[in-house]
2 protein chains.
Amino acid sequence: MRDVAKKERVADERSAKISESAVRRLSIYLRLLQEADSLGQETISSEELAERGGTTAAQVRKDLSLFGSFGKRGLGYAVGELLRELREILGLDRSWRVALVGAGKIGSALISYRNFQLRGFNIEAVFDTDPEKVGQSWGADTILNDARMELVLAEKEIDIVVLAVPADAAQAVTDRVVSSGVSAILNFAPVRLRVPEGVSLRNVDMVVEMEGLAFSLTSELR
Amino acid sequence: MRDVAKKERVADERSAKISESAVRRLSIYLRLLQEADSLGQETISSEELAERGGTTAAQVRKDLSLFGSFGKRGLGYAVGELLRELREILGLDRSWRVALVGAGKIGSALISYRNFQLRGFNIEAVFDTDPEKVGQSWGADTILNDARMELVLAEKEIDIVVLAVPADAAQAVTDRVVSSGVSAILNFAPVRLRVPEGVSLRNVDMVVEMEGLAFSLTSELR
DNA sequence: CGTATCTTGTGAATGTTTTCACAAGGTGTT
DNA sequence: AACACCTTGTGAAAACATTCACAAGATACG
């Protein structure tokens with residue numbers, strides 16, 4: 001399970017480990033930069049990014065310094081330039097081929113979510129097991145039979161799978177997705193999936209978040 | 001006597017700050033315990049919770065020890081007992097009054113998500129600004145006019161608001177929600193909301209998660 | 001040109017979370 | 001009862017993340 005031995009060989013310079021929370025913040029900075037840019041703002045300080053992003057100026061500078069020196073002392077960061085840099089860092093200077101597995105309500109919300117397409121995440125295929133749904137069209141896509149999933153994932157060279165299936169099906173679908181060569185999954189099912197080393201997994205779990213809120217409310221009233 | 005000692009300890013430790021990630025894990029342990037319980041399993045070890053929850057046995061024990069000693073050395077934890085304890089810790093030994101603001105696709109997915117009601121999160125009101133939607137019925141609820149929000153939030157003593165409105169409306173709605181006395185918000189809008197001290201906020205931001213995956217994929221191939 | 005004012009980039013300090021490691025307590029077997 | 005084995009609970013250590021604090025570069029302006 002936990003292999004201490006392998007960690008011996010720590011990868012060097014290029015792939016210094018960036019924490020998940022740092023990446024999350026970068027994504028937020030990117031959003032703020034897009035906003036600033038669309039308002040015609042030309043420069044922005046770490047202070048302003050921090051203020052609007054809910055963090056501190058030092059944190060912003062540390063985060064950015066993980067990848068280079070993009071600012072000008074005394075001035076701040078050039079919005080357009082930092083925007084380009086961040087896009088490149090996050091891998092958004094290209095488009096990504098996404099497949100949606102599970103054409104339920106959550107999937108439906110995703111499909112119609114324009115921000116996705118706008119940011120280069122293109123939904124190339126939608127799958128479901130329900131024979132009534134297969135063949136129906138969904139946005140620009142036609143719902144495909146789940147049985148063809150492996151084939152299509154490979155054929156269409158899908159980069160990222162969004163998993164929106166019931167909890168009890170999620171692990172089995174995940175295994176099939178991984179075996180088709182996909183190595184990034186966004187999981188909406190309320191389960192903790194197991195994926196092999198090298199596959200990136202993010203979870204969106206509304207129940208966990210709600211329970212977190214319940215906890216805060218509860219412990220406040222001690 | 002035992003009871004008294006235990007309550008004191010719990011009270012003491014509630015004042016200590018529990019990290020957000022610890023709370024998230026507790027929520028996951030709870031889910032695993034429910035699963036184990038429904039399969040008739042009577043005891044469970046930190047090792048098994050760790051394995052199935054994607055963490056380590058030491059982490060599980062540390063997390064639980066923040067609130068008390070629930071296990072038996074040599075044996076593990078009694079599933080039923082730990083289940084009760086965790087429910088109480090997380091504040092799930094009661095039900096919570098939830099309102100949904102924004103009757104769009106995401107809201108729709110939430111309404112039909114049975115896990116919510118099952119876990120004691122009862123949706124007591126749904127609001128939208130769209131005159132075409134107001135008055136329509138949604139699940140068991142009728143969509144209410146956004147203008148009446150403050151009134152209804154207070155009247156129905158809403159504990160938690162789920163915010164599923166467009167990004168550019170989110171901050172204004174948040175301010176109104178907070179001023180109505182609600183102090184827990186689950187935000188689905190892709191913005192970083194500002195809330196006063198004492199208001200709990202959780203964000204579910206799909207774009208941030210997708211960009212995190214894009215980053216992983218990108219930095220792997222460098 | 002000199003001086004006042006910004007704001008970055010970054011080591012060092014501090015704070016937080018996770019992991020380690022093991023004594024202590026419990027069970028089962030002979 | 002003695003022994004072999006489990007598994008918890010927890011200080012201490014290690015790893016990781018954030019904040020501090022300030023030198024250094026850049027601008028603006030008299």
# chains A, B, ... in the order shown; residues from 1 in each chain; ligands from 1
call {"tool": "interface_residues", "arguments": {"of": "chain C", "to": "chain B", "cutoff": "9 Å", "atoms": "only C-alpha atoms (C1' of nucleotides)", "output": "PDB file with N, CA and C atoms (P, O5', C5', C4', C3', O3' and C1' of nucleotides), in the first residue's frame"}}
result
ATOM      1  P    DT C  17      -4.207  22.277  10.166  1.00  0.00           P
ATOM      2  O5'  DT C  17      -3.399  21.053   9.563  1.00  0.00           O
ATOM      3  C5'  DT C  17      -2.882  21.141   8.239  1.00  0.00           C
ATOM      4  C4'  DT C  17      -2.225  19.833   7.892  1.00  0.00           C
ATOM      5  C3'  DT C  17      -3.032  18.599   8.292  1.00  0.00           C
ATOM      6  O3'  DT C  17      -3.115  17.808   7.116  1.00  0.00           O
ATOM      7  C1'  DT C  17      -0.801  18.436   9.124  1.00  0.00           C
ATOM      8  P    DT C  18      -3.719  16.331   7.074  1.00  0.00           P
ATOM      9  O5'  DT C  18      -2.398  15.468   7.172  1.00  0.00           O
ATOM     10  C5'  DT C  18      -1.368  15.656   6.206  1.00  0.00           C
ATOM     11  C4'  DT C  18      -0.218  14.735   6.515  1.00  0.00           C
ATOM     12  C3'  DT C  18      -0.613  13.264   6.675  1.00  0.00           C
ATOM     13  O3'  DT C  18       0.178  12.547   5.747  1.00  0.00           O
ATOM     14  C1'  DT C  18       0.766  13.976   8.487  1.00  0.00           C
ATOM     15  P    DT C  19       0.118  10.937   5.668  1.00  0.00           P
ATOM     16  O5'  DT C  19       1.348  10.515   6.580  1.00  0.00           O
ATOM     17  C5'  DT C  19       2.663  10.919   6.235  1.00  0.00           C
ATOM     18  C4'  DT C  19       3.615  10.418   7.293  1.00  0.00           C
ATOM     19  C3'  DT C  19       3.534   8.913   7.550  1.00  0.00           C
ATOM     20  O3'  DT C  19       4.847   8.405   7.361  1.00  0.00           O
ATOM     21  C1'  DT C  19       3.488  10.131   9.595  1.00  0.00           C
ATOM     22  P    DC C  20       5.167   6.841   7.557  1.00  0.00           P
ATOM     23  O5'  DC C  20       5.807   6.858   9.028  1.00  0.00           O
ATOM     24  C5'  DC C  20       6.666   7.918   9.354  1.00  0.00           C
ATOM     25  C4'  DC C  20       7.300   7.691  10.707  1.00  0.00           C
ATOM     26  C3'  DC C  20       7.509   6.233  11.089  1.00  0.00           C
ATOM     27  O3'  DC C  20       8.783   6.186  11.689  1.00  0.00           O
ATOM     28  C1'  DC C  20       6.176   7.314  12.738  1.00  0.00           C
ATOM     29  P    DA C  24       3.519   1.519  29.083  1.00  0.00           P
ATOM     30  O5'  DA C  24       2.028   1.306  28.571  1.00  0.00           O
ATOM     31  C5'  DA C  24       1.233   2.442  28.203  1.00  0.00           C
ATOM     32  C4'  DA C  24      -0.158   1.928  27.900  1.00  0.00           C
ATOM     33  C3'  DA C  24      -0.629   0.861  28.895  1.00  0.00           C
ATOM     34  O3'  DA C  24      -1.992   1.128  29.204  1.00  0.00           O
ATOM     35  C1'  DA C  24      -0.739   0.004  26.709  1.00  0.00           C
ATOM     36  P    DG C  25      -2.753   0.291  30.302  1.00  0.00           P
ATOM     37  O5'  DG C  25      -3.882  -0.467  29.463  1.00  0.00           O
ATOM     38  C5'  DG C  25      -4.680   0.272  28.562  1.00  0.00           C
ATOM     39  C4'  DG C  25      -5.338  -0.696  27.597  1.00  0.00           C
ATOM     40  C3'  DG C  25      -6.069  -1.854  28.293  1.00  0.00           C
ATOM     41  O3'  DG C  25      -7.340  -1.946  27.683  1.00  0.00           O
ATOM     42  C1'  DG C  25      -4.627  -2.685  26.641  1.00  0.00           C
ATOM     43  P    DG C  26      -8.625  -2.521  28.406  1.00  0.00           P
ATOM     44  O5'  DG C  26      -8.886  -3.841  27.547  1.00  0.00           O
ATOM     45  C5'  DG C  26      -9.492  -3.714  26.265  1.00  0.00           C
ATOM     46  C4'  DG C  26      -9.072  -4.877  25.394  1.00  0.00           C
ATOM     47  C3'  DG C  26      -9.474  -6.263  25.898  1.00  0.00           C
ATOM     48  O3'  DG C  26     -10.707  -6.664  25.273  1.00  0.00           O
ATOM     49  C1'  DG C  26      -7.350  -6.216  24.778  1.00  0.00           C
ATOM     50  P    DT C  27     -11.297  -8.123  25.560  1.00  0.00           P
ATOM     51  O5'  DT C  27     -10.608  -9.001  24.423  1.00  0.00           O
ATOM     52  C5'  DT C  27     -10.821  -8.697  23.044  1.00  0.00           C
ATOM     53  C4'  DT C  27     -10.211  -9.819  22.218  1.00  0.00           C
ATOM     54  C3'  DT C  27     -10.752 -11.202  22.577  1.00  0.00           C
ATOM     55  O3'  DT C  27     -11.115 -11.886  21.391  1.00  0.00           O
ATOM     56  C1'  DT C  27      -8.382 -11.194  22.715  1.00  0.00           C
TER      57       DT C  27
END
call {"tool": "select_by_dssp", "arguments": {"residues": "region 43-197 of chain B", "states": "helix (DSSP H, G or I)", "output": "number ranges by chain"}}
result
B: 46-53, 57-65, 79-90, 105-111, 114-118, 146-155, 167-179
call {"tool": "calpha_fit_and_write", "arguments": {"fixed": "chain A", "moving": "chain B", "output": "JSON list (two decimals) with C-alpha atoms, in the first residue's frame"}}
result
[["chain", "number", "residue", "atom", "x", "y", "z"],
["B", 1, "MET", "CA", 20.98, 28.78, -20.78],
["B", 2, "ARG", "CA", 18.26, 30.28, -18.74],
["B", 3, "ASP", "CA", 15.82, 27.95, -20.35],
["B", 4, "VAL", "CA", 17.76, 24.88, -19.44],
["B", 5, "ALA", "CA", 18.12, 25.90, -15.84],
["B", 6, "LYS", "CA", 14.45, 26.57, -15.57],
["B", 7, "LYS", "CA", 13.33, 23.30, -17.04],
["B", 8, "GLU", "CA", 15.54, 21.42, -14.67],
["B", 9, "ARG", "CA", 14.09, 23.17, -11.76],
["B", 10, "VAL", "CA", 10.58, 22.50, -12.92],
["B", 11, "ALA", "CA", 11.30, 18.84, -13.49],
["B", 12, "ASP", "CA", 12.86, 18.53, -10.06],
["B", 13, "GLU", "CA", 9.97, 20.05, -8.35],
["B", 14, "ARG", "CA", 7.36, 18.09, -10.13],
["B", 15, "SER", "CA", 8.50, 15.03, -8.33],
["B", 16, "ALA", "CA", 7.79, 16.79, -5.04],
["B", 17, "LYS", "CA", 4.25, 16.26, -3.89],
["B", 18, "ILE", "CA", 1.98, 19.24, -4.37],
["B", 19, "SER", "CA", -0.99, 19.27, -2.05],
["B", 20, "GLU", "CA", -4.49, 19.15, -3.38],
["B", 21, "SER", "CA", -5.33, 22.44, -1.74],
["B", 22, "ALA", "CA", -2.36, 24.12, -3.36],
["B", 23, "VAL", "CA", -3.53, 22.94, -6.76],
["B", 24, "ARG", "CA", -7.00, 24.23, -6.03],
["B", 25, "ARG", "CA", -5.58, 27.62, -5.24],
["B", 26, "LEU", "CA", -3.48, 27.67, -8.39],
["B", 27, "SER", "CA", -6.63, 27.10, -10.34],
["B", 28, "ILE", "CA", -8.20, 30.07, -8.60],
["B", 29, "TYR", "CA", -5.19, 32.28, -9.25],
["B", 30, "LEU", "CA", -5.44, 31.32, -12.90],
["B", 31, "ARG", "CA", -9.01, 32.49, -13.00],
["B", 32, "LEU", "CA", -8.13, 35.78, -11.35],
["B", 33, "LEU", "CA", -5.31, 36.31, -13.80],
["B", 34, "GLN", "CA", -7.64, 35.74, -16.72],
["B", 35, "GLU", "CA", -9.95, 38.34, -15.28],
["B", 36, "ALA", "CA", -7.12, 40.81, -14.73],
["B", 37, "ASP", "CA", -5.79, 40.13, -18.19],
["B", 38, "SER", "CA", -9.11, 40.72, -19.86],
["B", 39, "LEU", "CA", -9.27, 44.07, -18.08],
["B", 40, "GLY", "CA", -5.88, 44.96, -19.49],
["B", 41, "GLN", "CA", -4.08, 44.84, -16.16],
["B", 42, "GLU", "CA", -0.37, 44.27, -16.70],
["B", 43, "THR", "CA", 0.95, 43.36, -13.29],
["B", 44, "ILE", "CA", -0.54, 41.96, -10.12],
["B", 45, "SER", "CA", 0.84, 41.56, -6.62],
["B", 46, "SER", "CA", 0.61, 38.56, -4.35],
["B", 47, "GLU", "CA", -1.42, 40.81, -2.11],
["B", 48, "GLU", "CA", -4.03, 41.42, -4.78],
["B", 49, "LEU", "CA", -4.21, 37.76, -5.76],
["B", 50, "ALA", "CA", -4.63, 36.89, -2.11],
["B", 51, "GLU", "CA", -7.30, 39.47, -1.46],
["B", 52, "ARG", "CA", -9.36, 38.40, -4.43],
["B", 53, "GLY", "CA", -8.68, 34.71, -4.02],
["B", 54, "GLY", "CA", -9.56, 34.55, -0.36],
["B", 55, "THR", "CA", -6.14, 33.71, 1.00],
["B", 56, "THR", "CA", -2.98, 35.46, 2.19],
["B", 57, "ALA", "CA", -0.15, 37.03, 0.25],
["B", 58, "ALA", "CA", 2.39, 34.69, 1.83],
["B", 59, "GLN", "CA", 0.32, 31.72, 0.75],
["B", 60, "VAL", "CA", 0.19, 32.94, -2.82],
["B", 61, "ARG", "CA", 3.95, 33.39, -2.91],
["B", 62, "LYS", "CA", 4.57, 29.98, -1.37],
["B", 63, "ASP", "CA", 2.22, 28.31, -3.82],
["B", 64, "LEU", "CA", 3.90, 29.90, -6.80],
["B", 65, "SER", "CA", 7.38, 29.30, -5.45],
["B", 66, "LEU", "CA", 6.69, 25.57, -5.61],
["B", 67, "PHE", "CA", 7.13, 25.89, -9.35],
["B", 68, "GLY", "CA", 9.59, 28.70, -9.86],
["B", 69, "SER", "CA", 10.14, 32.43, -9.40],
["B", 70, "PHE", "CA", 7.76, 34.24, -11.60],
["B", 71, "GLY", "CA", 7.60, 37.65, -9.94],
["B", 72, "LYS", "CA", 9.67, 40.82, -9.89],
["B", 73, "ARG", "CA", 10.50, 42.24, -6.48],
["B", 74, "GLY", "CA", 8.99, 45.61, -5.97],
["B", 75, "LEU", "CA", 6.62, 45.13, -8.86],
["B", 76, "GLY", "CA", 4.64, 41.94, -8.59],
["B", 77, "TYR", "CA", 3.85, 39.41, -11.29],
["B", 78, "ALA", "CA", 3.44, 40.12, -14.99],
["B", 79, "VAL", "CA", -0.15, 39.05, -15.65],
["B", 80, "GLY", "CA", 0.41, 37.62, -19.11],
["B", 81, "GLU", "CA", 3.51, 35.72, -18.16],
["B", 82, "LEU", "CA", 2.11, 34.23, -14.99],
["B", 83, "LEU", "CA", -1.01, 33.29, -16.91],
["B", 84, "ARG", "CA", 1.06, 31.28, -19.37],
["B", 85, "GLU", "CA", 3.11, 29.68, -16.63],
["B", 86, "LEU", "CA", 0.07, 28.64, -14.63],
["B", 87, "ARG", "CA", -1.63, 27.23, -17.66],
["B", 88, "GLU", "CA", 1.41, 25.14, -18.35],
["B", 89, "ILE", "CA", 1.76, 24.04, -14.74],
["B", 90, "LEU", "CA", -1.86, 22.97, -14.56],
["B", 91, "GLY", "CA", -1.65, 21.20, -17.90],
["B", 92, "LEU", "CA", -4.02, 23.57, -19.63],
["B", 93, "ASP", "CA", -1.73, 24.35, -22.53],
["B", 94, "ARG", "CA", -3.40, 21.49, -24.37],
["B", 95, "SER", "CA", -6.93, 20.21, -24.68],
["B", 96, "TRP", "CA", -8.37, 17.24, -22.83],
["B", 97, "ARG", "CA", -10.70, 14.57, -24.10],
["B", 98, "VAL", "CA", -13.60, 14.12, -21.73],
["B", 99, "ALA", "CA", -16.41, 11.58, -21.65],
["B", 100, "LEU", "CA", -19.61, 11.92, -19.72],
["B", 101, "VAL", "CA", -21.17, 8.80, -18.27],
["B", 102, "GLY", "CA", -24.79, 9.28, -17.28],
["B", 103, "ALA", "CA", -27.01, 11.56, -19.30],
["B", 104, "GLY", "CA", -29.19, 12.79, -16.48],
["B", 105, "LYS", "CA", -29.77, 16.24, -15.11],
["B", 106, "ILE", "CA", -26.27, 16.76, -13.83],
["B", 107, "GLY", "CA", -24.78, 15.63, -17.09],
["B", 108, "SER", "CA", -27.11, 17.97, -18.87],
["B", 109, "ALA", "CA", -25.90, 20.88, -16.78],
["B", 110, "LEU", "CA", -22.32, 20.02, -17.63],
["B", 111, "ILE", "CA", -22.88, 19.67, -21.34],
["B", 112, "SER", "CA", -24.36, 23.11, -21.56],
["B", 113, "TYR", "CA", -21.69, 24.65, -19.40],
["B", 114, "ARG", "CA", -19.66, 26.66, -21.84],
["B", 115, "ASN", "CA", -16.74, 27.26, -19.48],
["B", 116, "PHE", "CA", -15.80, 23.67, -19.97],
["B", 117, "GLN", "CA", -15.20, 23.77, -23.66],
["B", 118, "LEU", "CA", -13.66, 27.21, -23.32],
["B", 119, "ARG", "CA", -10.99, 25.85, -21.05],
["B", 120, "GLY", "CA", -10.05, 23.00, -23.28],
["B", 121, "PHE", "CA", -12.18, 20.25, -21.81],
["B", 122, "ASN", "CA", -13.88, 18.78, -24.85],
["B", 123, "ILE", "CA", -16.72, 16.37, -24.37],
["B", 124, "GLU", "CA", -16.08, 13.64, -26.89],
["B", 125, "ALA", "CA", -18.69, 11.10, -25.85],
["B", 126, "VAL", "CA", -21.80, 10.71, -23.72],
["B", 127, "PHE", "CA", -23.09, 7.37, -22.44],
["B", 128, "ASP", "CA", -26.26, 6.17, -20.83],
["B", 129, "THR", "CA", -27.94, 2.84, -20.13],
["B", 130, "ASP", "CA", -31.48, 4.01, -20.78],
["B", 131, "PRO", "CA", -32.58, 2.68, -24.19],
["B", 132, "GLU", "CA", -34.88, 5.66, -24.56],
["B", 133, "LYS", "CA", -31.99, 8.06, -24.28],
["B", 134, "VAL", "CA", -29.51, 6.19, -26.45],
["B", 135, "GLY", "CA", -29.47, 7.70, -29.90],
["B", 136, "GLN", "CA", -30.84, 11.05, -28.82],
["B", 137, "SER", "CA", -28.57, 13.95, -29.50],
["B", 138, "TRP", "CA", -27.20, 16.00, -26.71],
["B", 139, "GLY", "CA", -25.51, 19.22, -27.57],
["B", 140, "ALA", "CA", -23.09, 18.23, -30.28],
["B", 141, "ASP", "CA", -23.07, 14.59, -29.16],
["B", 142, "THR", "CA", -25.28, 11.60, -29.62],
["B", 143, "ILE", "CA", -25.88, 9.54, -26.51],
["B", 144, "LEU", "CA", -24.15, 6.20, -26.87],
["B", 145, "ASN", "CA", -25.11, 2.87, -25.44],
["B", 146, "ASP", "CA", -23.35, 2.18, -22.20],
["B", 147, "ALA", "CA", -22.48, -1.29, -23.46],
["B", 148, "ARG", "CA", -20.05, 0.22, -25.92],
["B", 149, "MET", "CA", -18.33, 2.31, -23.30],
["B", 150, "GLU", "CA", -15.06, 0.41, -22.93],
["B", 151, "LEU", "CA", -14.58, 0.32, -26.66],
["B", 152, "VAL", "CA", -15.29, 3.99, -27.22],
["B", 153, "LEU", "CA", -13.28, 5.20, -24.25],
["B", 154, "ALA", "CA", -10.23, 3.44, -25.64],
["B", 155, "GLU", "CA", -10.87, 4.35, -29.25],
["B", 156, "LYS", "CA", -11.36, 8.02, -28.57],
["B", 157, "GLU", "CA", -8.47, 8.09, -26.14],
["B", 158, "ILE", "CA", -10.49, 9.68, -23.41],
["B", 159, "ASP", "CA", -8.41, 11.38, -20.72],
["B", 160, "ILE", "CA", -11.04, 12.23, -18.15],
["B", 161, "VAL", "CA", -14.39, 10.68, -17.32],
["B", 162, "VAL", "CA", -17.14, 12.63, -15.63],
["B", 163, "LEU", "CA", -19.29, 10.21, -13.72],
["B", 164, "ALA", "CA", -22.89, 11.26, -13.23],
["B", 165, "VAL", "CA", -24.69, 7.98, -12.60],
["B", 166, "PRO", "CA", -26.79, 6.82, -9.65],
["B", 167, "ALA", "CA", -24.86, 5.93, -6.51],
["B", 168, "ASP", "CA", -25.52, 2.24, -6.75],
["B", 169, "ALA", "CA", -24.09, 1.97, -10.23],
["B", 170, "ALA", "CA", -21.07, 4.16, -9.65],
["B", 171, "GLN", "CA", -18.52, 1.63, -8.46],
["B", 172, "ALA", "CA", -19.22, -0.84, -11.23],
["B", 173, "VAL", "CA", -18.98, 1.87, -13.87],
["B", 174, "THR", "CA", -15.77, 3.14, -12.29],
["B", 175, "ASP", "CA", -14.19, -0.28, -12.52],
["B", 176, "ARG", "CA", -15.03, -0.51, -16.19],
["B", 177, "VAL", "CA", -13.77, 3.00, -16.84],
["B", 178, "VAL", "CA", -10.49, 2.29, -15.12],
["B", 179, "SER", "CA", -10.04, -0.97, -16.95],
["B", 180, "SER", "CA", -10.42, 0.93, -20.21],
["B", 181, "GLY", "CA", -7.30, 2.87, -19.37],
["B", 182, "VAL", "CA", -8.80, 6.14, -18.15],
["B", 183, "SER", "CA", -6.92, 7.50, -15.17],
["B", 184, "ALA", "CA", -8.84, 10.58, -14.13],
["B", 185, "ILE", "CA", -12.39, 10.66, -12.86],
["B", 186, "LEU", "CA", -14.65, 13.42, -11.65],
["B", 187, "ASN", "CA", -17.33, 11.76, -9.58],
["B", 188, "PHE", "CA", -20.73, 13.31, -8.92],
["B", 189, "ALA", "CA", -22.30, 10.24, -7.39],
["B", 190, "PRO", "CA", -22.71, 10.34, -3.62],
["B", 191, "VAL", "CA", -20.39, 7.41, -2.93],
["B", 192, "ARG", "CA", -16.80, 6.98, -1.99],
["B", 193, "LEU", "CA", -15.29, 5.23, -4.98],
["B", 194, "ARG", "CA", -12.34, 2.88, -4.81],
["B", 195, "VAL", "CA", -9.80, 3.32, -7.54],
["B", 196, "PRO", "CA", -6.41, 1.74, -7.98],
["B", 197, "GLU", "CA", -3.23, 3.65, -7.25],
["B", 198, "GLY", "CA", -2.38, 5.93, -10.11],
["B", 199, "VAL", "CA", -5.95, 6.90, -10.92],
["B", 200, "SER", "CA", -6.88, 10.45, -9.95],
["B", 201, "LEU", "CA", -10.27, 10.94, -8.45],
["B", 202, "ARG", "CA", -12.12, 14.07, -7.43],
["B", 203, "ASN", "CA", -15.51, 14.11, -5.82],
["B", 204, "VAL", "CA", -18.25, 16.65, -6.05],
["B", 205, "ASP", "CA", -20.72, 15.75, -3.38],
["B", 206, "MET", "CA", -23.52, 18.20, -2.82],
["B", 207, "VAL", "CA", -25.00, 16.38, 0.12],
["B", 208, "VAL", "CA", -21.71, 16.47, 1.97],
["B", 209, "GLU", "CA", -21.46, 20.20, 1.34],
["B", 210, "MET", "CA", -25.01, 20.84, 2.49],
["B", 211, "GLU", "CA", -24.42, 18.82, 5.62],
["B", 212, "GLY", "CA", -21.30, 20.85, 6.25],
["B", 213, "LEU", "CA", -23.42, 23.97, 6.17],
["B", 214, "ALA", "CA", -26.00, 22.41, 8.47],
["B", 215, "PHE", "CA", -23.19, 21.64, 10.88],
["B", 216, "SER", "CA", -21.91, 25.21, 10.86],
["B", 217, "LEU", "CA", -25.38, 26.58, 11.46],
["B", 218, "THR", "CA", -25.98, 24.11, 14.24],
["B", 219, "SER", "CA", -22.74, 24.54, 16.11],
["B", 220, "GLU", "CA", -23.03, 28.31, 15.97],
["B", 221, "LEU", "CA", -26.22, 28.30, 17.96],
["B", 222, "ARG", "CA", -24.87, 26.22, 20.81]]
call {"tool": "interface_residues", "arguments": {"of": "chain D", "to": "chain A", "cutoff": "8 Å", "atoms": "only C-alpha atoms (C1' of nucleotides)", "output": "ChimeraX atom specification"}}
result
/D:18-19,25-27
call {"tool": "write_last_selection", "arguments": {"atoms": "N, CA and C atoms (P, O5', C5', C4', C3', O3' and C1' of nucleotides)", "output": "PDB file, in the first residue's frame"}}
result
ATOM      1  P    DT D  18      -0.827  26.750   1.786  1.00  0.00           P
ATOM      2  O5'  DT D  18      -0.229  27.687   2.919  1.00  0.00           O
ATOM      3  C5'  DT D  18      -0.844  27.705   4.208  1.00  0.00           C
ATOM      4  C4'  DT D  18      -0.232  28.820   5.035  1.00  0.00           C
ATOM      5  C3'  DT D  18      -0.407  30.222   4.466  1.00  0.00           C
ATOM      6  O3'  DT D  18      -0.992  30.971   5.528  1.00  0.00           O
ATOM      7  C1'  DT D  18       1.862  29.835   5.051  1.00  0.00           C
ATOM      8  P    DT D  19      -1.345  32.541   5.304  1.00  0.00           P
ATOM      9  O5'  DT D  19      -0.093  33.223   6.001  1.00  0.00           O
ATOM     10  C5'  DT D  19       0.151  32.971   7.371  1.00  0.00           C
ATOM     11  C4'  DT D  19       1.409  33.713   7.760  1.00  0.00           C
ATOM     12  C3'  DT D  19       1.397  35.210   7.409  1.00  0.00           C
ATOM     13  O3'  DT D  19       1.655  35.891   8.622  1.00  0.00           O
ATOM     14  C1'  DT D  19       3.416  34.174   6.690  1.00  0.00           C
ATOM     15  P    DG D  25      18.997  44.749  -7.893  1.00  0.00           P
ATOM     16  O5'  DG D  25      17.780  45.123  -8.846  1.00  0.00           O
ATOM     17  C5'  DG D  25      16.880  44.106  -9.257  1.00  0.00           C
ATOM     18  C4'  DG D  25      15.568  44.758  -9.585  1.00  0.00           C
ATOM     19  C3'  DG D  25      15.669  45.850 -10.658  1.00  0.00           C
ATOM     20  O3'  DG D  25      14.630  45.602 -11.583  1.00  0.00           O
ATOM     21  C1'  DG D  25      14.559  46.694  -8.757  1.00  0.00           C
ATOM     22  P    DA D  26      14.668  46.240 -13.053  1.00  0.00           P
ATOM     23  O5'  DA D  26      13.553  47.365 -12.933  1.00  0.00           O
ATOM     24  C5'  DA D  26      12.190  46.964 -12.838  1.00  0.00           C
ATOM     25  C4'  DA D  26      11.376  48.138 -12.375  1.00  0.00           C
ATOM     26  C3'  DA D  26      11.572  49.411 -13.205  1.00  0.00           C
ATOM     27  O3'  DA D  26      10.403  49.633 -14.007  1.00  0.00           O
ATOM     28  C1'  DA D  26      11.369  49.839 -10.871  1.00  0.00           C
ATOM     29  P    DT D  27      10.347  50.894 -15.009  1.00  0.00           P
ATOM     30  O5'  DT D  27       9.556  51.966 -14.126  1.00  0.00           O
ATOM     31  C5'  DT D  27       8.237  51.667 -13.669  1.00  0.00           C
ATOM     32  C4'  DT D  27       7.789  52.801 -12.781  1.00  0.00           C
ATOM     33  C3'  DT D  27       7.747  54.165 -13.476  1.00  0.00           C
ATOM     34  O3'  DT D  27       6.427  54.683 -13.357  1.00  0.00           O
ATOM     35  C1'  DT D  27       8.828  54.308 -11.370  1.00  0.00           C
TER      36       DT D  27
END
call {"tool": "residues_around", "arguments": {"residues": "DG11 (chain C)", "least_positions_apart": "2", "cutoff": "12 Å", "atoms": "only C-alpha atoms (C1' of nucleotides)", "output": "PyMOL selection string"}}
result
(chain A and resi 62) or (chain C and resi 9+13) or (chain D and resi 20-23)
call {"tool": "select_by_dssp", "arguments": {"residues": "region 103-137 of chain A", "states": "strand (DSSP E or B)", "output": "list in words"}}
result
Phe121, Asn122, Ile123, Glu124, Ala125, Val126, Phe127, Asp128 and Ser137 of chain A
call {"tool": "decode", "arguments": {"residues": "region 84-105 of chain B", "atoms": "C-alpha atoms", "output": "mmCIF file, in the first residue's frame"}}
result
data_model
loop_
_atom_site.group_PDB
_atom_site.id
_atom_site.type_symbol
_atom_site.label_atom_id
_atom_site.label_comp_id
_atom_site.auth_asym_id
_atom_site.auth_seq_id
_atom_site.Cartn_x
_atom_site.Cartn_y
_atom_site.Cartn_z
ATOM 1 C CA ARG B 84 -23.566 7.264 16.235
ATOM 2 C CA GLU B 85 -20.587 9.186 17.523
ATOM 3 C CA LEU B 86 -19.639 10.488 14.106
ATOM 4 C CA ARG B 87 -23.169 11.506 13.339
ATOM 5 C CA GLU B 88 -23.244 13.479 16.539
ATOM 6 C CA ILE B 89 -19.840 15.030 15.943
ATOM 7 C CA LEU B 90 -20.788 16.135 12.451
ATOM 8 C CA GLY B 91 -24.136 17.465 13.625
ATOM 9 C CA LEU B 92 -26.147 14.897 11.718
ATOM 10 C CA ASP B 93 -28.194 13.748 14.677
ATOM 11 C CA ARG B 94 -30.752 16.358 13.686
ATOM 12 C CA SER B 95 -32.163 17.599 10.421
ATOM 13 C CA TRP B 96 -31.157 20.791 8.652
ATOM 14 C CA ARG B 97 -33.327 23.291 6.866
ATOM 15 C CA VAL B 98 -31.917 24.053 3.448
ATOM 16 C CA ALA B 99 -32.923 26.594 0.823
ATOM 17 C CA LEU B 100 -31.906 26.517 -2.789
ATOM 18 C CA VAL B 101 -31.330 29.801 -4.554
ATOM 19 C CA GLY B 102 -31.316 29.476 -8.325
ATOM 20 C CA ALA B 103 -33.575 26.965 -10.002
ATOM 21 C CA GLY B 104 -31.329 26.116 -12.912
ATOM 22 C CA LYS B 105 -29.764 22.871 -13.985
#
